[in-house]
Amino acid sequence: MDKIWLSSPHIGEREMLYVSEAFKTNWIAPLGPNVDAFEKQLSQLLNVNEVVSLSSGTAAIHLALLALGIKAGDLVLCQSFTFAASAFPVMYLNAEPIFIDSEKDSWNIDPELTEKAIIDSILKGKKPAAIIVVHLYGMPAKMNELLKIGRKYDIPIIEDAAEALGSEYNQRKCGSFGEIGILSFNGNKIITTSGGGALVSNDSNIIKKVRHISAQSKESAPYYLHKEVGYNYRLSNVCAGIGRGQLEVLHDRIARRREIFNMYKEELNKIEGISFLDEASGVFSNRWLTTILFDNKIFKSGTNNKVRMELEHQQIESRLLWKPLHQQPVFENALSYLNGVSNDLFENGLCLPSGSALTNEQILKTINCIKKIIT
Ligand SMILES: *Cc1c(COP(=O)(O)O)cnc(C)c1O
C-alpha cells in the first residue's frame with residue numbers, strides 16, 4: 001500500500017527534455033539557456049520586470065534583505081505564523097526580527113498589529129527597516145492594507161510568496177507587490193526544481209545588485225576582483241531545466257490542488273466543528289495545502305494531533321499547522337505583537353494531503369479515515 005504524502009513532487013512530461021538539453025550541450029554549469037528561459041517565463045507569469053533564479057527561497061530572502069541594505073541591529077517585522085525560513089535570514093545578518101501575529105481572514109500578518117509595532121518602534125527611536133509578508137499555504141495576505149502602511153512609513157515590503165506561486169490578489173500575482181518578492185521551488189512546493197528559489201523585483205538596481213552578490217560579487221576585470229562580500233546562491237542550469245518543464249504545467253497543478261481542496265471541503269464541511277479557510281473577494285489561492293480547523297468548543301483540545309497520529313497509522317501523512325515563530329526556542333529573545341490568532345491556529349489546525357499527484361481515491365480514503373477518527 002502506497003503511503004499518502006502531504007505534498008510530493010509532481011513531474012510533468014517535458015522536464016527531462018530540458019534537462020537532457022543541458023547535458024547534450026554541456027550547459028551543466030554555470031547558468032545557461034535554461035536559467036535564462038526560466039527567469040523569462042517567471043517574469044512573464046508574475047508580470048514583473050525581472051527575476052533572478054537562486055538556489056533556494058531562503059537564499060532569496062537573505063539576498064532581499066542585503067539588497068535593501070539591512071544590517072546588524074536593524075529591526076525587521078516578520079510574520080510569526082510561518083515556516084522559520086521566512087525569518088532565519090534576518091538572523092544571518094544579526095538584525096532583529098519582531099514577530100507579528102496573524103489576522104483571521106487570511107491567517108497572514110495582521111496590518112493593525114504591524115502598524116502598532118511600527119509606531120512603538122519609532123517611539124523607541126528606531127524605525128523598522130523592512131516588513132516580510134507571507135502568503136501562507138497559498139492564501140494572499142491583505143496587501144492593500146499592508147502596502148498602504150509600507151508607503152505611509154516608507155518601509156519596504158518583502159513578499160515571501162514561497163507557498164503562493166500563481167495565487168492572486170485583485171488580479172495581480174502574489175510576489176509582484178512588494179519592493180521585492182521571493183519564490184521557492186523546494187520539493188514540497190506547488191512546483192519544484194528539486195531545490196531552488198527566485199527573487200522578483202521591478203527595480204533594476206535591486207536586480208543588478210542581487211545578480212552580482214549572488215555570484216560571488218565578481219567585478220569585471222581580467223583577474224578576480226571583489227569589492228563586497230559575495231554568495232554562491234545561483235540556480236544551476238540543470239535545475240532550471242526542471243523548472244521550465246514545471247512552469248508549463250503550473251496551471252494544471254493549481255487546478256488540481258483547488259479541486260482537492262473542494263473535495264475535502266464538500267465532505268468535511270458537513271461535520272459540525274470543522275471549518276475551512278475561504279477566499280475573500282478579489283482573492284485567488286493556489287491552495288498549496290488544504291488546512292482544516294477543529295472548533296475547540298465542539299472537539300476536545302488536541303484533536304488535530306490525535307487525527308494526525310491516527311492518519312499516520314493508516315499510512316497517511318498530515319501535519320500540524322506552523323508552530324508560530326514567537327513560540328520557537330531559537331527566537332526566544334525576539335519581541336512580538338500578539339493577538340492569540342496564530343496560537344489558536346496551531347492548537348486546532350491540521351494540513352491534509354494536498355499534492356497534485358494524489359488520486360481521487362487517495363483523497364476519499366483520507367476523508368473517510370478522518371470521519372472515522374472523529375465520530
Ligand atoms: C519553503 C518556504 C521558504 C523557504 O524556501 P526554501 O526554498 O525551502 O529555502 C520560505 N518561506 C516560506 C513561507 C516557505 O514555505
# chains A, B, ... in the order shown; residues from 1 in each chain; ligands from 1
>>> residues_near_ligand(ligand="ligand 1", cutoff="10 Å", atoms="only C-alpha atoms and all ligand atoms", output="VMD selection string")
chain A and resid 54 to 62 79 81 to 89 132 to 138 159 to 164 182 to 189 192 to 198 288 322
>>> write_last_selection(atoms="C-alpha atoms", output="CSV table (one decimal), in the first residue's frame")
chain,number,residue,atom,x,y,z
A,54,LEU,CA,18.5,31.2,-7.0
A,55,SER,CA,19.5,28.1,-5.0
A,56,SER,CA,16.6,28.4,-2.5
A,57,GLY,CA,13.8,30.6,-1.2
A,58,THR,CA,15.8,31.1,1.9
A,59,ALA,CA,18.8,32.4,-0.1
A,60,ALA,CA,16.3,34.7,-1.9
A,61,ILE,CA,15.2,36.2,1.4
A,62,HIS,CA,18.8,36.6,2.5
A,79,GLN,CA,5.0,37.2,10.2
A,81,PHE,CA,2.7,32.3,11.8
A,82,THR,CA,5.0,30.7,9.1
A,83,PHE,CA,8.0,28.5,8.4
A,84,ALA,CA,11.1,29.6,10.1
A,85,ALA,CA,13.0,30.1,6.8
A,86,SER,CA,11.0,33.3,6.5
A,87,ALA,CA,12.8,34.8,9.4
A,88,PHE,CA,16.2,32.9,9.6
A,89,PRO,CA,17.9,35.3,7.1
A,132,ILE,CA,8.4,40.4,5.5
A,133,VAL,CA,4.9,39.5,4.5
A,134,VAL,CA,4.0,35.8,3.8
A,135,HIS,CA,1.1,34.3,1.8
A,136,LEU,CA,0.7,31.3,3.9
A,137,TYR,CA,-0.5,28.0,2.4
A,138,GLY,CA,-1.0,30.0,-0.8
A,159,GLU,CA,6.8,39.4,-0.1
A,160,ASP,CA,7.5,35.8,0.9
A,161,ALA,CA,5.5,34.1,-1.9
A,162,ALA,CA,7.3,30.7,-1.4
A,163,GLU,CA,4.0,28.9,-1.0
A,164,ALA,CA,1.9,31.1,-3.2
A,182,ILE,CA,10.6,35.7,-3.3
A,183,LEU,CA,9.6,32.3,-4.5
A,184,SER,CA,10.6,28.8,-3.6
A,185,PHE,CA,10.9,25.7,-5.7
A,186,ASN,CA,11.7,23.3,-2.9
A,187,GLY,CA,10.5,19.7,-3.3
A,188,ASN,CA,7.3,20.2,-1.3
A,189,LYS,CA,6.1,23.4,-3.1
A,192,THR,CA,9.8,22.3,-7.8
A,193,THR,CA,13.3,22.4,-9.4
A,194,SER,CA,14.3,19.7,-6.8
A,195,GLY,CA,15.6,22.7,-4.8
A,196,GLY,CA,15.6,26.3,-5.8
A,197,GLY,CA,14.1,29.8,-5.4
A,198,ALA,CA,13.8,33.1,-7.1
A,288,TRP,CA,-0.9,24.8,-1.9
A,322,TRP,CA,3.2,26.0,11.6
>>> residues_around(residues="Leu93 in chain A", least_positions_apart="4", cutoff="12 Å", atoms="only C-alpha atoms", output="ChimeraX atom specification")
/A:61-66,69-76,87-89,97
>>> write_last_selection(atoms="all heavy atoms", output="short mmCIF file (atom, residue, chain, number, x, y, z; two decimals), in the first residue's frame")
data_model
loop_
_atom_site.label_atom_id
_atom_site.label_comp_id
_atom_site.auth_asym_id
_atom_site.auth_seq_id
_atom_site.Cartn_x
_atom_site.Cartn_y
_atom_site.Cartn_z
N ILE A 61 15.48 35.30 0.32
CA ILE A 61 15.16 36.24 1.41
C ILE A 61 16.44 36.89 1.93
O ILE A 61 16.48 38.10 2.18
CB ILE A 61 14.40 35.52 2.54
CG1 ILE A 61 13.07 34.97 2.02
CG2 ILE A 61 14.15 36.47 3.71
CD1 ILE A 61 12.33 34.06 2.99
N HIS A 62 17.49 36.09 2.06
CA HIS A 62 18.78 36.62 2.51
C HIS A 62 19.24 37.74 1.58
O HIS A 62 19.59 38.84 2.01
CB HIS A 62 19.81 35.49 2.56
CG HIS A 62 21.10 35.86 3.21
ND1 HIS A 62 22.20 35.04 3.17
CD2 HIS A 62 21.49 36.96 3.90
CE1 HIS A 62 23.20 35.62 3.82
NE2 HIS A 62 22.80 36.78 4.27
N LEU A 63 19.20 37.49 0.28
CA LEU A 63 19.64 38.50 -0.69
C LEU A 63 18.70 39.70 -0.73
O LEU A 63 19.15 40.84 -0.94
CB LEU A 63 19.75 37.87 -2.09
CG LEU A 63 20.85 36.81 -2.26
CD1 LEU A 63 20.83 36.26 -3.69
CD2 LEU A 63 22.23 37.38 -1.94
N ALA A 64 17.41 39.45 -0.51
CA ALA A 64 16.45 40.57 -0.48
C ALA A 64 16.82 41.53 0.65
O ALA A 64 16.84 42.76 0.46
CB ALA A 64 15.03 40.03 -0.29
N LEU A 65 17.12 40.97 1.81
CA LEU A 65 17.50 41.82 2.96
C LEU A 65 18.79 42.57 2.66
O LEU A 65 18.91 43.77 2.94
CB LEU A 65 17.66 40.95 4.22
CG LEU A 65 16.37 40.31 4.75
CD1 LEU A 65 16.68 39.25 5.80
CD2 LEU A 65 15.43 41.37 5.34
N LEU A 66 19.77 41.87 2.07
CA LEU A 66 21.04 42.52 1.72
C LEU A 66 20.82 43.64 0.71
O LEU A 66 21.38 44.72 0.83
CB LEU A 66 22.02 41.48 1.16
CG LEU A 66 22.65 40.52 2.18
CD1 LEU A 66 23.30 39.34 1.47
CD2 LEU A 66 23.69 41.27 3.03
N GLY A 69 19.76 46.73 2.08
CA GLY A 69 20.73 47.35 2.98
C GLY A 69 20.52 47.02 4.45
O GLY A 69 21.00 47.73 5.33
N ILE A 70 19.77 45.97 4.73
CA ILE A 70 19.53 45.59 6.14
C ILE A 70 20.86 45.16 6.77
O ILE A 70 21.61 44.38 6.19
CB ILE A 70 18.51 44.43 6.24
CG1 ILE A 70 17.25 44.73 5.45
CG2 ILE A 70 18.22 44.10 7.71
CD1 ILE A 70 16.45 45.90 5.90
N LYS A 71 21.12 45.68 7.96
CA LYS A 71 22.39 45.38 8.62
C LYS A 71 22.18 45.05 10.09
O LYS A 71 21.05 45.14 10.59
CB LYS A 71 23.34 46.56 8.44
CG LYS A 71 22.74 47.85 8.90
CD LYS A 71 23.62 49.04 8.57
CE LYS A 71 23.07 50.30 9.23
NZ LYS A 71 21.62 50.51 9.17
N ALA A 72 23.27 44.70 10.75
CA ALA A 72 23.19 44.31 12.17
C ALA A 72 22.46 45.37 12.98
O ALA A 72 22.69 46.56 12.79
CB ALA A 72 24.60 44.10 12.71
N GLY A 73 21.55 44.91 13.84
CA GLY A 73 20.83 45.82 14.72
C GLY A 73 19.55 46.38 14.13
O GLY A 73 18.71 46.91 14.86
N ASP A 74 19.36 46.26 12.80
CA ASP A 74 18.11 46.76 12.19
C ASP A 74 16.92 45.92 12.65
O ASP A 74 17.06 44.72 12.90
CB ASP A 74 18.20 46.70 10.66
CG ASP A 74 19.03 47.85 10.09
OD1 ASP A 74 19.36 48.77 10.85
OD2 ASP A 74 19.33 47.80 8.88
N LEU A 75 15.76 46.54 12.70
CA LEU A 75 14.53 45.83 13.06
C LEU A 75 13.82 45.38 11.79
O LEU A 75 13.67 46.16 10.85
CB LEU A 75 13.59 46.74 13.85
CG LEU A 75 14.16 47.42 15.10
CD1 LEU A 75 13.10 48.35 15.70
CD2 LEU A 75 14.61 46.37 16.11
N VAL A 76 13.39 44.12 11.75
CA VAL A 76 12.62 43.62 10.62
C VAL A 76 11.34 42.99 11.14
O VAL A 76 11.38 42.07 11.97
CB VAL A 76 13.43 42.59 9.80
CG1 VAL A 76 12.59 42.04 8.65
CG2 VAL A 76 14.73 43.19 9.29
N ALA A 87 12.17 33.91 8.51
CA ALA A 87 12.84 34.84 9.43
C ALA A 87 14.32 34.51 9.68
O ALA A 87 15.06 35.36 10.15
CB ALA A 87 12.09 34.87 10.76
N PHE A 88 14.75 33.30 9.37
CA PHE A 88 16.16 32.95 9.62
C PHE A 88 17.14 33.94 8.99
O PHE A 88 18.12 34.32 9.63
CB PHE A 88 16.47 31.53 9.11
CG PHE A 88 16.10 30.43 10.08
CD1 PHE A 88 15.81 29.15 9.61
CD2 PHE A 88 16.09 30.64 11.45
CE1 PHE A 88 15.48 28.12 10.48
CE2 PHE A 88 15.76 29.61 12.34
CZ PHE A 88 15.45 28.35 11.85
N PRO A 89 16.91 34.36 7.73
CA PRO A 89 17.90 35.27 7.13
C PRO A 89 18.07 36.58 7.90
O PRO A 89 19.14 37.20 7.84
CB PRO A 89 17.34 35.51 5.71
CG PRO A 89 16.56 34.27 5.42
CD PRO A 89 15.91 33.91 6.72
N PRO A 97 14.51 40.32 14.41
CA PRO A 97 13.13 40.11 13.97
C PRO A 97 12.15 40.55 15.07
O PRO A 97 12.43 40.36 16.26
CB PRO A 97 13.04 38.60 13.75
CG PRO A 97 14.07 38.02 14.67
CD PRO A 97 15.15 39.06 14.82
#
>>> residues_around(residues="Lys142 in chain A", least_positions_apart="4", cutoff="12 Å", atoms="only C-alpha atoms", output="number ranges by chain")
A: 102-112, 114, 133-136, 146-149, 159, 168-170, 174, 177, 279-283
>>> write_last_selection(atoms="C-alpha atoms", output="short mmCIF file (atom, residue, chain, number, x, y, z; two decimals), in the first residue's frame")
data_model
loop_
_atom_site.label_atom_id
_atom_site.label_comp_id
_atom_site.auth_asym_id
_atom_site.auth_seq_id
_atom_site.Cartn_x
_atom_site.Cartn_y
_atom_site.Cartn_z
CA SER A 102 -1.98 36.98 12.09
CA GLU A 103 -5.47 38.23 11.24
CA LYS A 104 -8.27 35.71 10.96
CA ASP A 105 -9.31 36.23 7.33
CA SER A 106 -6.13 35.05 5.57
CA TRP A 107 -4.03 33.85 8.55
CA ASN A 108 -1.28 36.25 7.46
CA ILE A 109 0.41 39.22 9.13
CA ASP A 110 -2.14 41.48 10.82
CA PRO A 111 -1.98 45.02 9.34
CA GLU A 112 -3.20 46.66 12.56
CA THR A 114 2.01 45.74 12.06
CA VAL A 133 4.86 39.48 4.46
CA VAL A 134 3.99 35.82 3.84
CA HIS A 135 1.13 34.35 1.76
CA LEU A 136 0.72 31.26 3.88
CA LEU A 146 -0.01 46.36 4.09
CA LEU A 147 1.15 48.37 1.06
CA LYS A 148 -0.59 51.44 2.50
CA ILE A 149 1.32 51.00 5.76
CA GLU A 159 6.81 39.42 -0.09
CA GLU A 168 -3.64 36.30 -6.97
CA TYR A 169 -4.80 39.37 -5.09
CA ASN A 170 -7.03 41.78 -7.03
CA CYS A 174 1.47 37.23 -5.38
CA PHE A 177 3.52 43.62 -4.94
CA GLU A 279 -11.07 33.16 -0.18
CA ALA A 280 -12.06 36.78 0.45
CA SER A 281 -13.39 38.72 -2.51
CA GLY A 282 -10.62 39.55 -5.01
CA VAL A 283 -8.50 36.69 -3.71
#
>>> residues_around(residues="Glu15 in chain A", least_positions_apart="4", cutoff="8 Å", atoms="only C-alpha atoms", output="count of residues only")
8
>>> residues_around(residues="Phe331 in chain A", least_positions_apart="5", cutoff="12 Å", atoms="only C-alpha atoms", output="ChimeraX atom specification")
/A:78,80,84,87-88,90-91,96-99,324-326,336
>>> residues_around(residues="Ala117 in chain A", least_positions_apart="2", cutoff="9 Å", atoms="only C-alpha atoms", output="number ranges by chain")
A: 77, 98, 100, 112-115, 119-122, 128, 336-337
>>> atom_distance(atom1="CA of Asn333 in chain A", atom2="CA of Tyr92 in chain A")
15.2 Å
